[in-house]
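S.K.: Take a look at this one; I'll ask things after.
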Amino acid sequence: MKRIRYFISGLLCFFALFAAQSCSDDTTGDAYYSFKGEMLSDYLNNRPQYSEFAEIVKRAGLTDLLSAYGHYTCFLPSDSAINIYLKEKGKSSLADLSDADCDTLARTHLVNNMYSTIDMNDGTLNTANMNNRYIQITHTLDANNNAVVELNRMSQIIFSEKDDSVENGIVQPITKVLEMKNSSVADIIEANPRISIFAKALKLTGLQDTLYKVKDTSYDPKKYGYYYYTSDFWYEVACPPAEKKYGFTAFVEPNEVYAKAFQKNGITINNNDTIQALYDLAVKLYDPVYGDDADYKAAKENPKDYTNRYNPLNMFIAYHILTRDVIGWNKLTPLEITGRSSEGDGAIGIKTDIMDPNDWYETLLPHTMMKFLQATVHRSNVSSADLGQRFINRRVDDVFDIPGAKVEPTIENKYTQDGPNGRYFYIDDVIAFDYDTQNKVFNDRIRMDFSTVWPEIMTENIRLNGDPKKDDDSNTADATFKNGKNYYFPQGYLDHVKFRGSGGYLVYRRPHWNFWSYEGDEFNLKGDYDFEFRLPPVPYEGEWEVRLGFCAIAGKRGVAQIYFDGKPQGIPIDMNVYLNDDAILGAKFSSKKWAAMTDDEKADDQKMLKNLGYYRGPYGGFHTSGSSINEFVDNVRTYRRVLCTVHINPKQDHYLRIRCTSKSGNNGEFMIDYLELVPKSVYGVTGTGKMETDL
């Protein structure tokens with residue numbers, strides 16, 4: 001019998017029966033799983049302790065599927081676990097279940113991807129189960145103090161039987177049948193008494209009704225085929241999204257957090273009227289920001305009209321909800337991977353020892369965003385327990401010490417945390433778009449990977465899908481998508497996005513840790529594109545610099561004209577030139593490593609580029625070949641270009657348009673990797689030796 005062992009690099013090593021020497025001294029015996037030479041269907045049928053689940057699979061019509069080659073993970077309940085489940089449901093046997101019930105049960109326990117326990121990090125699996133729901137992952141101890149993986153906070157992978165392999169997948173025997181509630185995110189919030197104050201306010205504001213949306217049934221992926229293309233020397237294929245879902249993620253203060261906030265702000269609860277107290281708290285938080293706004297002042301004249309979008313309570317609750325389904329706590333910030341050689345493990349493409357990974361997402365409160373940060377840079381005011389945790393609206397640096405609200409990964413086992421259209425998380429402090437958030441936390445460079453700009457990319461789990469450590473064959477477009485999917489987006493699929501005319505494609509390339517792309521992934525505009533999208537909101541009115549980060553490739557990239565709100569901005573952007581080209585710095589470009597420069601040299605270098613409308617790539621970004629790291633700041637191709645410097649009104653929508661002007665037409669792709677919105681307080685630094693942060 002052979003045994004297969006997973007490496008953190010994703011390679012498979014095979015061992016003979018009596019081999020005593022392992023493939024790597026770093027991997028323990030826990031990473032092994034036995035190889036039986038069976039298909040998953042054979043595994044079920046050859047073991048009497050799983051006969052009930054085999055029957056469920058048969059009635060679901062999935063036996064033939066599990067008899068064919070593929071890459072499956074089966075979370076497998078025993079007959080005894082299924083009998084306990086049936087008893088809890090008031091059923092005497094499987095005969096009392098309908099075929100539809102069996103289909104739901106089977107698909108809940110099957111994932112169309114292979115996951116060993118070493119691949120399961122806290123949060124959720126990166127691939128949905130066959131019922132299109134995501135399985136929550138936590139780590140705990142079993143009754144014998146073995147470290148085990150727990151699924152949906154209810155069922156454990158059995159330690160002594162984990163990671164068993166078959167020809168077409170991995171079997172993970174579990175202690176209990178998995179269940180997934182079909183209630184909307186609004187209903188699961190209302191069902192939890194620990195967050196009853198928030199739930200009541202959600203209902204009174206009418207925002208609860210928004211959270212019942214699930215799917216846009218007008219979208220039909222069958223109308224669209226695959227799109228084959230070339231990027232640099234890679235031959236690739238992209239598919240359209242399988243569906244268009246609506247998603248929401250709420251961050252909710254438990255009742256006890258509100259009680260502390262009321263006391264801290266001198267707010268008294270009269271006659272147990274917690275809604276009035278929450279309204280008073282909202283007024284205290286939002287008056288300093290919106291006090292002079294005419295709509296806000298008018299709404300306060302009728303304070304009990306909670307459905308008015310400018311009512312302080314409505315604004316307070318709306319700010320707690322993202323317009324996307326972030327499918328797990330681990331997905332709030334960039335993907336974490338292992339096996340990064342000398343750089344260590346952590347967020348893909350980010351030097352986590354010098355820069356905290358962070359992302360920005362829009363909320364239901366119009367023209368506002370939340371900042372999410374994973375605390376990885378250890379400072380004296382960050383406890384060791386908080387390292388690696390996710391926070392909302394945190395800014396801890398040399399200027400500000402705003403800790404933000406910590407996001408708890410899970411809730412109590414007796415309550416449901418996720419539904420078909422979203423989920424919610426507990427937070428340990430009150431969040432609001434208050435004065436400190438607007439003027440301190442957000443008075444900073446806002447850098448957004450383009451995969452976070454459009455909510456659909458995350459709701460559909462398109463962002464950062466697949467295995468970034470595995471490359472496809474560059475000579476052949478792989479339509480099996482075995483390592484992950486590339487996507488393109490038909491006209492009308494992404495909200496607030498449109499293609500002018502009939503040409504052009506927007507392609508998402510899945511992450512690769514060796515690509516010169518921020519967070520490993522990128523978007524490319526292909527063909528004769530004329531592309532327009534709504535810019536993310538800025539926190540306050542003023543002068544803002546809009547920048548684009550990308551990787552230039554001579555002879556392979558395109559040229560495009562940029563427009564802001566319909567007005568052309570400067571000359572076209574040419575992605576074929578490097579920072580050391582004569583068109584930019586030429587011989588003046590310093591090839592000296594950034595880390596070896598003095599502070600004055602760095603400031604002079606930044607000023608020289610800034611005057612031309614360019615910035616080096618961020619010092620906190622890098623790519624790796626697996627054996628070494630290569631920093632964006634030192635590469636002449638990975639830089640940032642100022643698209644425009646404009647006055648932005650935060651109460652209005654603003655649009656950026658990118659129109660192809662390449663002579664090469666269909667061959668001149670335009671890469672949009674990440675976007676930066678930078679206030680004048682940041683980009684306008686002046687004086688000898690002064691510079692914007694290089695991270």
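Ligands are numbered from 1 in the order shown, residues from 1 within each chain, and chains are lettered A, B, ... in the order they appear in the structure tokens.
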Give one line per residue of segment 548-610 of chain A that approaches segment 651-675 of chain A to at most 9 Å, naming the two atoms of the closest pair and their distance in Å to one decimal, counting only C-alpha atoms; sort by chain then ascending residue number and deliver it as a tab-separated table.
M.R.:
residue	atom	partner	partner_atom	distance
A:Leu548	CA	A:Leu675	CA	4.9
A:Gly549	CA	A:Tyr674	CA	5.0
A:Phe550	CA	A:Asp673	CA	5.2
A:Cys551	CA	A:Met671	CA	7.3
A:Ala552	CA	A:Met671	CA	8.2
A:Gly555	CA	A:Gly668	CA	8.4
A:Lys556	CA	A:Gly668	CA	6.2
A:Arg557	CA	A:Gly668	CA	4.9
A:Gly558	CA	A:Gly668	CA	3.8
A:Val559	CA	A:Ser662	CA	4.8
A:Ala560	CA	A:Cys660	CA	4.5
A:Gln561	CA	A:Arg659	CA	5.2
A:Ile562	CA	A:Ile658	CA	4.9
A:Tyr563	CA	A:Arg657	CA	4.9
A:Phe564	CA	A:Leu656	CA	4.9
A:Asp565	CA	A:Tyr655	CA	5.1
A:Gly566	CA	A:Arg657	CA	7.3
A:Pro568	CA	A:Arg657	CA	8.8
A:Pro572	CA	A:Thr661	CA	7.6
A:Asp574	CA	A:Ser662	CA	8.7
A:Met575	CA	A:Phe670	CA	7.2
S.K.: Dump all heavy atoms for the selected residues as a compact mmCIF listing (two decimals), in the first residue's frame?
M.R.:
# COMPACT_ATOMS: atom_id res chain seq x y z
N LEU A 548 -3.13 54.14 -10.37
CA LEU A 548 -3.29 52.75 -10.81
C LEU A 548 -1.97 52.02 -10.65
O LEU A 548 -0.92 52.48 -11.10
CB LEU A 548 -3.73 52.71 -12.28
CG LEU A 548 -3.86 51.32 -12.91
CD1 LEU A 548 -5.00 50.55 -12.26
CD2 LEU A 548 -4.07 51.43 -14.42
N GLY A 549 -2.02 50.86 -9.99
CA GLY A 549 -0.85 50.00 -9.86
C GLY A 549 -0.93 48.87 -10.87
O GLY A 549 -1.99 48.28 -11.07
N PHE A 550 0.21 48.55 -11.52
CA PHE A 550 0.21 47.51 -12.55
C PHE A 550 1.64 47.05 -12.81
O PHE A 550 2.60 47.58 -12.24
CB PHE A 550 -0.42 48.02 -13.84
CG PHE A 550 0.25 49.24 -14.43
CD1 PHE A 550 1.28 49.11 -15.35
CD2 PHE A 550 -0.15 50.51 -14.07
CE1 PHE A 550 1.91 50.23 -15.89
CE2 PHE A 550 0.46 51.64 -14.60
CZ PHE A 550 1.49 51.50 -15.51
N CYS A 551 1.78 46.09 -13.68
CA CYS A 551 3.09 45.62 -14.13
C CYS A 551 3.20 45.89 -15.63
O CYS A 551 2.43 45.33 -16.43
CB CYS A 551 3.26 44.13 -13.84
SG CYS A 551 4.82 43.45 -14.46
N ALA A 552 4.15 46.73 -16.02
CA ALA A 552 4.37 47.02 -17.44
C ALA A 552 5.11 45.85 -18.09
O ALA A 552 5.94 45.20 -17.47
CB ALA A 552 5.19 48.31 -17.59
N GLY A 555 6.03 45.73 -25.24
CA GLY A 555 5.57 45.03 -26.42
C GLY A 555 4.35 44.16 -26.20
O GLY A 555 3.83 43.56 -27.16
N LYS A 556 3.86 44.06 -24.97
CA LYS A 556 2.74 43.17 -24.68
C LYS A 556 1.52 43.91 -24.10
O LYS A 556 0.42 43.38 -24.14
CB LYS A 556 3.18 42.10 -23.68
CG LYS A 556 4.29 41.20 -24.17
CD LYS A 556 3.83 40.28 -25.28
CE LYS A 556 4.93 39.34 -25.73
NZ LYS A 556 5.26 38.33 -24.71
N ARG A 557 1.73 45.08 -23.54
CA ARG A 557 0.64 45.80 -22.92
C ARG A 557 0.04 46.83 -23.88
O ARG A 557 0.54 47.05 -24.98
CB ARG A 557 1.13 46.51 -21.65
CG ARG A 557 1.63 45.59 -20.55
CD ARG A 557 0.53 44.77 -19.93
NE ARG A 557 0.94 44.25 -18.63
CZ ARG A 557 0.46 43.15 -18.08
NH1 ARG A 557 -0.46 42.44 -18.71
NH2 ARG A 557 0.88 42.74 -16.90
N GLY A 558 -1.01 47.49 -23.39
CA GLY A 558 -1.73 48.43 -24.23
C GLY A 558 -1.52 49.88 -23.83
O GLY A 558 -0.79 50.20 -22.89
N VAL A 559 -2.21 50.75 -24.55
CA VAL A 559 -2.21 52.19 -24.29
C VAL A 559 -3.67 52.62 -24.19
O VAL A 559 -4.51 52.18 -24.99
CB VAL A 559 -1.51 52.97 -25.42
CG1 VAL A 559 -1.47 54.46 -25.09
CG2 VAL A 559 -0.11 52.42 -25.66
N ALA A 560 -3.98 53.45 -23.20
CA ALA A 560 -5.39 53.83 -23.00
C ALA A 560 -5.50 55.26 -22.51
O ALA A 560 -4.64 55.76 -21.77
CB ALA A 560 -6.07 52.87 -22.02
N GLN A 561 -6.59 55.89 -22.91
CA GLN A 561 -6.92 57.23 -22.44
C GLN A 561 -7.81 57.11 -21.20
O GLN A 561 -8.75 56.32 -21.17
CB GLN A 561 -7.64 58.03 -23.52
CG GLN A 561 -8.06 59.42 -23.12
CD GLN A 561 -6.87 60.32 -22.82
OE1 GLN A 561 -5.95 60.42 -23.62
NE2 GLN A 561 -6.87 60.95 -21.66
N ILE A 562 -7.52 57.91 -20.20
CA ILE A 562 -8.28 57.91 -18.95
C ILE A 562 -9.21 59.12 -18.91
O ILE A 562 -8.84 60.23 -19.30
CB ILE A 562 -7.33 57.95 -17.73
CG1 ILE A 562 -6.30 56.82 -17.81
CG2 ILE A 562 -8.12 57.88 -16.44
CD1 ILE A 562 -6.89 55.43 -17.81
N TYR A 563 -10.43 58.89 -18.41
CA TYR A 563 -11.42 59.96 -18.24
C TYR A 563 -11.93 59.91 -16.80
O TYR A 563 -12.16 58.84 -16.24
CB TYR A 563 -12.62 59.76 -19.17
CG TYR A 563 -12.30 59.75 -20.64
CD1 TYR A 563 -11.76 58.61 -21.24
CD2 TYR A 563 -12.57 60.86 -21.44
CE1 TYR A 563 -11.49 58.59 -22.60
CE2 TYR A 563 -12.30 60.84 -22.80
CZ TYR A 563 -11.76 59.70 -23.37
OH TYR A 563 -11.49 59.68 -24.72
N PHE A 564 -12.11 61.07 -16.21
CA PHE A 564 -12.76 61.19 -14.91
C PHE A 564 -14.05 61.97 -15.09
O PHE A 564 -14.02 63.11 -15.56
CB PHE A 564 -11.85 61.89 -13.90
CG PHE A 564 -12.49 62.11 -12.54
CD1 PHE A 564 -12.52 61.10 -11.60
CD2 PHE A 564 -13.07 63.34 -12.21
CE1 PHE A 564 -13.11 61.29 -10.36
CE2 PHE A 564 -13.66 63.54 -10.97
CZ PHE A 564 -13.68 62.51 -10.05
N ASP A 565 -15.17 61.34 -14.75
CA ASP A 565 -16.49 61.95 -14.95
C ASP A 565 -16.65 62.51 -16.36
O ASP A 565 -17.16 63.62 -16.57
CB ASP A 565 -16.73 63.04 -13.90
CG ASP A 565 -17.04 62.46 -12.52
OD1 ASP A 565 -17.28 61.24 -12.42
OD2 ASP A 565 -17.03 63.23 -11.54
N GLY A 566 -16.18 61.73 -17.32
CA GLY A 566 -16.36 62.08 -18.72
C GLY A 566 -15.31 63.00 -19.31
O GLY A 566 -15.31 63.24 -20.52
N PRO A 568 -11.35 63.89 -20.29
CA PRO A 568 -10.05 63.24 -20.47
C PRO A 568 -9.01 63.80 -19.50
O PRO A 568 -9.01 64.99 -19.20
CB PRO A 568 -9.70 63.56 -21.92
CG PRO A 568 -10.52 64.76 -22.27
CD PRO A 568 -11.77 64.67 -21.47
N PRO A 572 -2.53 59.63 -22.95
CA PRO A 572 -2.80 58.21 -22.69
C PRO A 572 -1.71 57.53 -21.87
O PRO A 572 -0.54 57.92 -21.92
CB PRO A 572 -2.89 57.62 -24.10
CG PRO A 572 -3.32 58.76 -24.96
CD PRO A 572 -2.63 59.96 -24.38
N ASP A 574 0.69 54.52 -21.21
CA ASP A 574 1.35 53.48 -21.99
C ASP A 574 1.98 52.46 -21.04
O ASP A 574 2.91 52.77 -20.30
CB ASP A 574 2.43 54.11 -22.87
CG ASP A 574 3.05 53.12 -23.84
OD1 ASP A 574 2.79 51.90 -23.72
OD2 ASP A 574 3.80 53.56 -24.73
N MET A 575 1.45 51.23 -21.08
CA MET A 575 1.94 50.19 -20.18
C MET A 575 3.09 49.38 -20.76
O MET A 575 3.44 48.32 -20.22
CB MET A 575 0.80 49.24 -19.80
CG MET A 575 -0.21 49.84 -18.88
SD MET A 575 -1.34 48.61 -18.21
CE MET A 575 -2.25 49.62 -17.03
S.K.: Taking the DSSP assignment computed from this structure's backbone, write out as a CSV table (one decimal) with all heavy atoms, in the first residue's frame all residues of segment 341-434 of chain A that belong to strand (DSSP E).
M.R.:
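Result went into out_2.csv, see below:
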chain,number,residue,atom,x,y,z
A,346,GLY,N,1.9,33.7,5.3
A,346,GLY,CA,1.1,34.9,5.6
A,346,GLY,C,0.4,35.4,4.3
A,346,GLY,O,0.3,34.6,3.3
A,347,ALA,N,-0.1,36.6,4.4
A,347,ALA,CA,-0.9,37.1,3.3
A,347,ALA,C,-0.1,37.2,2.0
A,347,ALA,O,1.0,37.6,1.9
A,347,ALA,CB,-1.4,38.6,3.6
A,358,ASN,N,-4.5,44.8,4.5
A,358,ASN,CA,-5.8,45.4,4.8
A,358,ASN,C,-6.6,45.6,3.5
A,358,ASN,O,-6.0,45.6,2.4
A,358,ASN,CB,-5.6,46.8,5.5
A,358,ASN,CG,-4.9,47.8,4.6
A,358,ASN,OD1,-5.5,48.5,3.8
A,358,ASN,ND2,-3.6,47.9,4.8
A,359,ASP,N,-7.9,45.7,3.6
A,359,ASP,CA,-8.8,45.9,2.5
A,359,ASP,C,-9.9,46.9,2.9
A,359,ASP,O,-10.1,47.1,4.1
A,359,ASP,CB,-9.5,44.6,2.1
A,359,ASP,CG,-8.5,43.7,1.3
A,359,ASP,OD1,-7.9,44.2,0.3
A,359,ASP,OD2,-8.4,42.5,1.6
A,360,TRP,N,-10.6,47.4,1.9
A,360,TRP,CA,-11.6,48.4,2.1
A,360,TRP,C,-12.9,48.0,1.3
A,360,TRP,O,-12.8,47.6,0.1
A,360,TRP,CB,-11.2,49.8,1.5
A,360,TRP,CG,-9.9,50.3,2.1
A,360,TRP,CD1,-8.6,49.8,1.7
A,360,TRP,CD2,-9.6,51.3,3.0
A,360,TRP,NE1,-7.6,50.5,2.4
A,360,TRP,CE2,-8.2,51.4,3.2
A,360,TRP,CE3,-10.5,52.1,3.7
A,360,TRP,CZ2,-7.7,52.3,4.0
A,360,TRP,CZ3,-9.9,53.1,4.6
A,360,TRP,CH2,-8.5,53.1,4.8
A,361,TYR,N,-14.0,48.0,2.0
A,361,TYR,CA,-15.3,47.5,1.4
A,361,TYR,C,-16.4,48.5,1.6
A,361,TYR,O,-16.5,49.1,2.7
A,361,TYR,CB,-15.7,46.2,2.0
A,361,TYR,CG,-14.7,45.1,1.9
A,361,TYR,CD1,-14.4,44.3,3.1
A,361,TYR,CD2,-13.9,44.8,0.8
A,361,TYR,CE1,-13.5,43.3,3.1
A,361,TYR,CE2,-12.9,43.8,0.8
A,361,TYR,CZ,-12.7,43.1,2.0
A,361,TYR,OH,-11.8,42.1,2.0
A,362,GLU,N,-17.3,48.7,0.6
A,362,GLU,CA,-18.4,49.6,0.7
A,362,GLU,C,-19.5,49.0,1.6
A,362,GLU,O,-19.6,47.8,1.8
A,362,GLU,CB,-19.0,49.9,-0.6
A,362,GLU,CG,-18.1,50.8,-1.5
A,362,GLU,CD,-18.9,51.2,-2.8
A,362,GLU,OE1,-19.9,51.9,-2.6
A,362,GLU,OE2,-18.4,50.9,-3.9
A,369,MET,N,-17.2,53.4,3.4
A,369,MET,CA,-16.5,52.2,3.4
A,369,MET,C,-16.0,51.8,4.8
A,369,MET,O,-16.0,52.7,5.7
A,369,MET,CB,-15.3,52.2,2.4
A,369,MET,CG,-15.6,52.3,1.0
A,369,MET,SD,-14.2,51.8,-0.1
A,369,MET,CE,-13.1,53.1,0.2
A,370,MET,N,-15.7,50.5,5.0
A,370,MET,CA,-15.0,50.1,6.2
A,370,MET,C,-13.6,49.6,5.8
A,370,MET,O,-13.4,49.1,4.7
A,370,MET,CB,-15.7,48.8,6.8
A,370,MET,CG,-17.0,49.1,7.6
A,370,MET,SD,-17.4,47.5,8.4
A,370,MET,CE,-19.2,47.6,8.4
A,371,LYS,N,-12.7,49.8,6.7
A,371,LYS,CA,-11.4,49.3,6.5
A,371,LYS,C,-11.2,48.1,7.4
A,371,LYS,O,-11.5,48.1,8.6
A,371,LYS,CB,-10.3,50.4,7.0
A,371,LYS,CG,-8.9,49.9,6.9
A,371,LYS,CD,-7.9,50.9,7.5
A,371,LYS,CE,-6.5,50.5,7.5
A,371,LYS,NZ,-5.6,51.5,8.1
A,372,PHE,N,-10.7,47.0,6.8
A,372,PHE,CA,-10.4,45.8,7.5
A,372,PHE,C,-8.9,45.5,7.5
A,372,PHE,O,-8.2,45.7,6.4
A,372,PHE,CB,-11.1,44.6,6.8
A,372,PHE,CG,-12.6,44.6,7.0
A,372,PHE,CD1,-13.4,45.4,6.2
A,372,PHE,CD2,-13.2,43.9,8.1
A,372,PHE,CE1,-14.8,45.5,6.4
A,372,PHE,CE2,-14.5,44.0,8.3
A,372,PHE,CZ,-15.3,44.7,7.5
A,373,LEU,N,-8.4,45.2,8.6
A,373,LEU,CA,-6.9,45.0,8.8
A,373,LEU,C,-6.6,43.8,9.6
A,373,LEU,O,-7.3,43.5,10.6
A,373,LEU,CB,-6.4,46.3,9.5
A,373,LEU,CG,-4.9,46.3,9.8
A,373,LEU,CD1,-4.4,47.8,9.7
A,373,LEU,CD2,-4.6,45.8,11.2
A,374,GLN,N,-5.6,43.0,9.1
A,374,GLN,CA,-5.1,41.9,9.9
A,374,GLN,C,-3.8,42.4,10.6
A,374,GLN,O,-2.9,42.9,10.0
A,374,GLN,CB,-4.8,40.7,9.0
A,374,GLN,CG,-4.3,39.5,9.8
A,374,GLN,CD,-3.9,38.4,8.9
A,374,GLN,OE1,-3.7,38.5,7.7
A,374,GLN,NE2,-3.8,37.2,9.5
A,390,ARG,N,-8.4,40.0,13.0
A,390,ARG,CA,-9.0,41.0,12.0
A,390,ARG,C,-9.7,42.1,12.8
A,390,ARG,O,-10.4,41.8,13.7
A,390,ARG,CB,-9.9,40.3,11.0
A,390,ARG,CG,-9.3,39.7,9.8
A,390,ARG,CD,-8.5,38.5,10.1
A,390,ARG,NE,-8.1,37.8,8.8
A,390,ARG,CZ,-7.4,36.7,8.8
A,390,ARG,NH1,-7.1,36.1,9.9
A,390,ARG,NH2,-6.9,36.2,7.7
A,391,PHE,N,-9.5,43.3,12.3
A,391,PHE,CA,-10.1,44.5,13.0
A,391,PHE,C,-10.7,45.4,11.9
A,391,PHE,O,-10.4,45.4,10.8
A,391,PHE,CB,-9.0,45.3,13.7
A,391,PHE,CG,-8.3,44.6,14.8
A,391,PHE,CD1,-7.3,43.8,14.6
A,391,PHE,CD2,-8.8,44.8,16.1
A,391,PHE,CE1,-6.7,43.1,15.6
A,391,PHE,CE2,-8.2,44.2,17.2
A,391,PHE,CZ,-7.1,43.3,16.9
A,392,ILE,N,-11.7,46.1,12.4
A,392,ILE,CA,-12.4,47.1,11.6
A,392,ILE,C,-12.0,48.5,12.0
A,392,ILE,O,-12.0,48.9,13.2
A,392,ILE,CB,-14.0,47.0,11.7
A,392,ILE,CG1,-14.5,45.6,11.3
A,392,ILE,CG2,-14.7,48.1,11.0
A,392,ILE,CD1,-15.9,45.4,11.6
A,395,ARG,N,-6.3,51.9,13.1
A,395,ARG,CA,-5.1,52.6,12.6
A,395,ARG,C,-4.1,52.8,13.8
A,395,ARG,O,-4.3,53.7,14.7
A,395,ARG,CB,-5.4,54.0,12.0
A,395,ARG,CG,-4.1,54.6,11.4
A,395,ARG,CD,-4.4,55.9,10.5
A,395,ARG,NE,-3.2,56.4,10.0
A,395,ARG,CZ,-3.1,57.5,9.3
A,395,ARG,NH1,-4.2,58.3,9.0
A,395,ARG,NH2,-1.9,57.9,8.8
A,396,VAL,N,-3.1,52.0,13.8
A,396,VAL,CA,-2.1,52.1,14.8
A,396,VAL,C,-0.7,52.3,14.1
A,396,VAL,O,-0.2,51.4,13.5
A,396,VAL,CB,-2.0,50.8,15.7
A,396,VAL,CG1,-1.0,50.9,16.7
A,396,VAL,CG2,-3.4,50.5,16.3
A,401,ASP,N,-3.4,56.2,17.3
A,401,ASP,CA,-3.5,54.9,18.0
A,401,ASP,C,-5.0,54.6,18.2
A,401,ASP,O,-5.6,54.9,19.2
A,401,ASP,CB,-2.8,55.0,19.4
A,401,ASP,CG,-2.8,53.7,20.2
A,401,ASP,OD1,-3.2,52.7,19.6
A,401,ASP,OD2,-2.5,53.7,21.4
A,402,ILE,N,-5.6,54.1,17.1
A,402,ILE,CA,-7.0,53.8,17.1
A,402,ILE,C,-7.1,52.3,16.9
A,402,ILE,O,-6.9,51.8,15.8
A,402,ILE,CB,-7.7,54.6,16.0
A,402,ILE,CG1,-7.5,56.1,16.2
A,402,ILE,CG2,-9.2,54.2,15.9
A,402,ILE,CD1,-8.1,57.0,15.1
A,405,ALA,N,-12.4,47.9,16.1
A,405,ALA,CA,-13.2,46.8,16.7
A,405,ALA,C,-12.7,45.5,16.2
A,405,ALA,O,-12.5,45.3,15.0
A,405,ALA,CB,-14.7,47.0,16.3
A,406,LYS,N,-12.5,44.5,17.1
A,406,LYS,CA,-12.0,43.2,16.7
A,406,LYS,C,-13.2,42.4,16.2
A,406,LYS,O,-14.2,42.4,16.8
A,406,LYS,CB,-11.3,42.5,17.9
A,406,LYS,CG,-10.7,41.2,17.5
A,406,LYS,CD,-9.6,40.7,18.4
A,406,LYS,CE,-10.2,40.4,19.8
A,406,LYS,NZ,-9.2,39.8,20.7
A,418,ASP,N,-24.5,31.8,9.3
A,418,ASP,CA,-24.5,32.1,7.9
A,418,ASP,C,-25.7,31.5,7.2
A,418,ASP,O,-26.3,30.6,7.7
A,418,ASP,CB,-23.2,31.6,7.2
A,418,ASP,CG,-23.2,30.0,7.2
A,418,ASP,OD1,-23.2,29.4,8.2
A,418,ASP,OD2,-23.3,29.4,6.1
A,419,GLY,N,-26.1,32.2,6.1
A,419,GLY,CA,-27.3,31.7,5.3
A,419,GLY,C,-26.9,31.8,3.9
A,419,GLY,O,-25.8,32.1,3.5
A,422,GLY,N,-25.5,35.4,3.0
A,422,GLY,CA,-24.6,36.1,3.8
A,422,GLY,C,-24.4,35.6,5.1
A,422,GLY,O,-24.8,34.4,5.5
A,423,ARG,N,-23.8,36.4,6.0
A,423,ARG,CA,-23.4,35.9,7.4
A,423,ARG,C,-23.2,37.2,8.2
A,423,ARG,O,-23.2,38.3,7.8
A,423,ARG,CB,-22.2,35.1,7.3
A,423,ARG,CG,-20.9,35.8,6.9
A,423,ARG,CD,-19.9,34.9,6.2
A,423,ARG,NE,-20.4,34.4,5.0
A,423,ARG,CZ,-20.6,33.1,4.7
A,423,ARG,NH1,-20.3,32.2,5.6
A,423,ARG,NH2,-21.1,32.7,3.6
A,424,TYR,N,-23.0,36.9,9.5
A,424,TYR,CA,-22.7,38.0,10.4
A,424,TYR,C,-21.6,37.6,11.4
A,424,TYR,O,-21.4,36.4,11.6
A,424,TYR,CB,-23.9,38.5,11.2
A,424,TYR,CG,-24.5,37.5,12.2
A,424,TYR,CD1,-24.1,37.6,13.6
A,424,TYR,CD2,-25.4,36.6,11.9
A,424,TYR,CE1,-24.6,36.7,14.5
A,424,TYR,CE2,-25.9,35.7,12.8
A,424,TYR,CZ,-25.5,35.8,14.2
A,424,TYR,OH,-26.0,34.9,15.1
A,425,PHE,N,-20.9,38.6,11.9
A,425,PHE,CA,-19.9,38.4,12.9
A,425,PHE,C,-20.1,39.3,14.1
A,425,PHE,O,-20.6,40.4,14.0
A,425,PHE,CB,-18.5,38.7,12.3
A,425,PHE,CG,-18.1,37.8,11.1
A,425,PHE,CD1,-18.4,38.2,9.8
A,425,PHE,CD2,-17.4,36.7,11.3
A,425,PHE,CE1,-18.1,37.4,8.7
A,425,PHE,CE2,-17.0,35.9,10.2
A,425,PHE,CZ,-17.3,36.3,8.9
A,426,TYR,N,-19.7,38.8,15.3
A,426,TYR,CA,-19.7,39.6,16.4
A,426,TYR,C,-18.4,40.5,16.4
A,426,TYR,O,-17.4,40.2,15.8
A,426,TYR,CB,-19.5,38.8,17.7
A,426,TYR,CG,-20.7,37.9,18.1
A,426,TYR,CD1,-20.5,36.8,18.9
A,426,TYR,CD2,-22.0,38.2,17.8
A,426,TYR,CE1,-21.5,36.0,19.3
A,426,TYR,CE2,-23.0,37.5,18.2
A,426,TYR,CZ,-22.8,36.3,19.0
A,426,TYR,OH,-23.9,35.5,19.4
S.K.: Just the residues within 7 Å of Thr363 of chain A, please, counting only C-alpha atoms, with nothing from its chain fewer than 3 positions along; format it as a VMD selection string.
M.R.: chain A and resid 318 to 319 321 to 323 366 368 to 370
S.K.: Excluding same-chain residues fewer than 6 positions from Glu692 of chain A, what lies within 12 Å of it counting only C-alpha atoms, as number ranges by chain?
M.R.: A: 444-445, 599, 602-607, 610, 615-616, 618-619, 678-686
S.K.: Taking into account only C-alpha atoms, which residue in the set A:Ser183, A:Thr217, A:Asn112, A:Asn144 is nearest to Gly169 of chain A?
M.R.: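 Among the listed residues, A:Asn112 lies closest to Gly169 of chain A.
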S.K.: For the contact check between segment 153-227 of chain A and segment 48-61 of chain A, emit one row per residue of segment 153-227 of chain A within 12 Å, containing the shortest atom pair and the distance in Å rounded to one decimal, counting only C-alpha atoms, chain then rising number order, as a Markdown table.
M.R.:
| residue | atom | partner | partner_atom | distance |
| --- | --- | --- | --- | --- |
| A:Val171 | CA | A:Tyr50 | CA | 11.7 |
| A:Pro173 | CA | A:Tyr50 | CA | 9.6 |
| A:Ile174 | CA | A:Tyr50 | CA | 11.2 |
| A:Val177 | CA | A:Phe53 | CA | 10.0 |
S.K.: What is the atom CA of Ile189 of chain A to atom CA of Phe316 of chain A distance in Å?
M.R.: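 Calculated distance between atom CA of Ile189 of chain A and atom CA of Phe316 of chain A is 16.5 Å.
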S.K.: Identify, on the basis of only C-alpha atoms, every residue whose closest approach to Tyr505 of chain A does not exceed 12 Å; exclude the query and any residue fewer than 4 positions from it along the same chain; express the result as a PyMOL selection string.
M.R.: chain A and resi 226-229+238-240+487-491+498-501+523-531+660+666-671
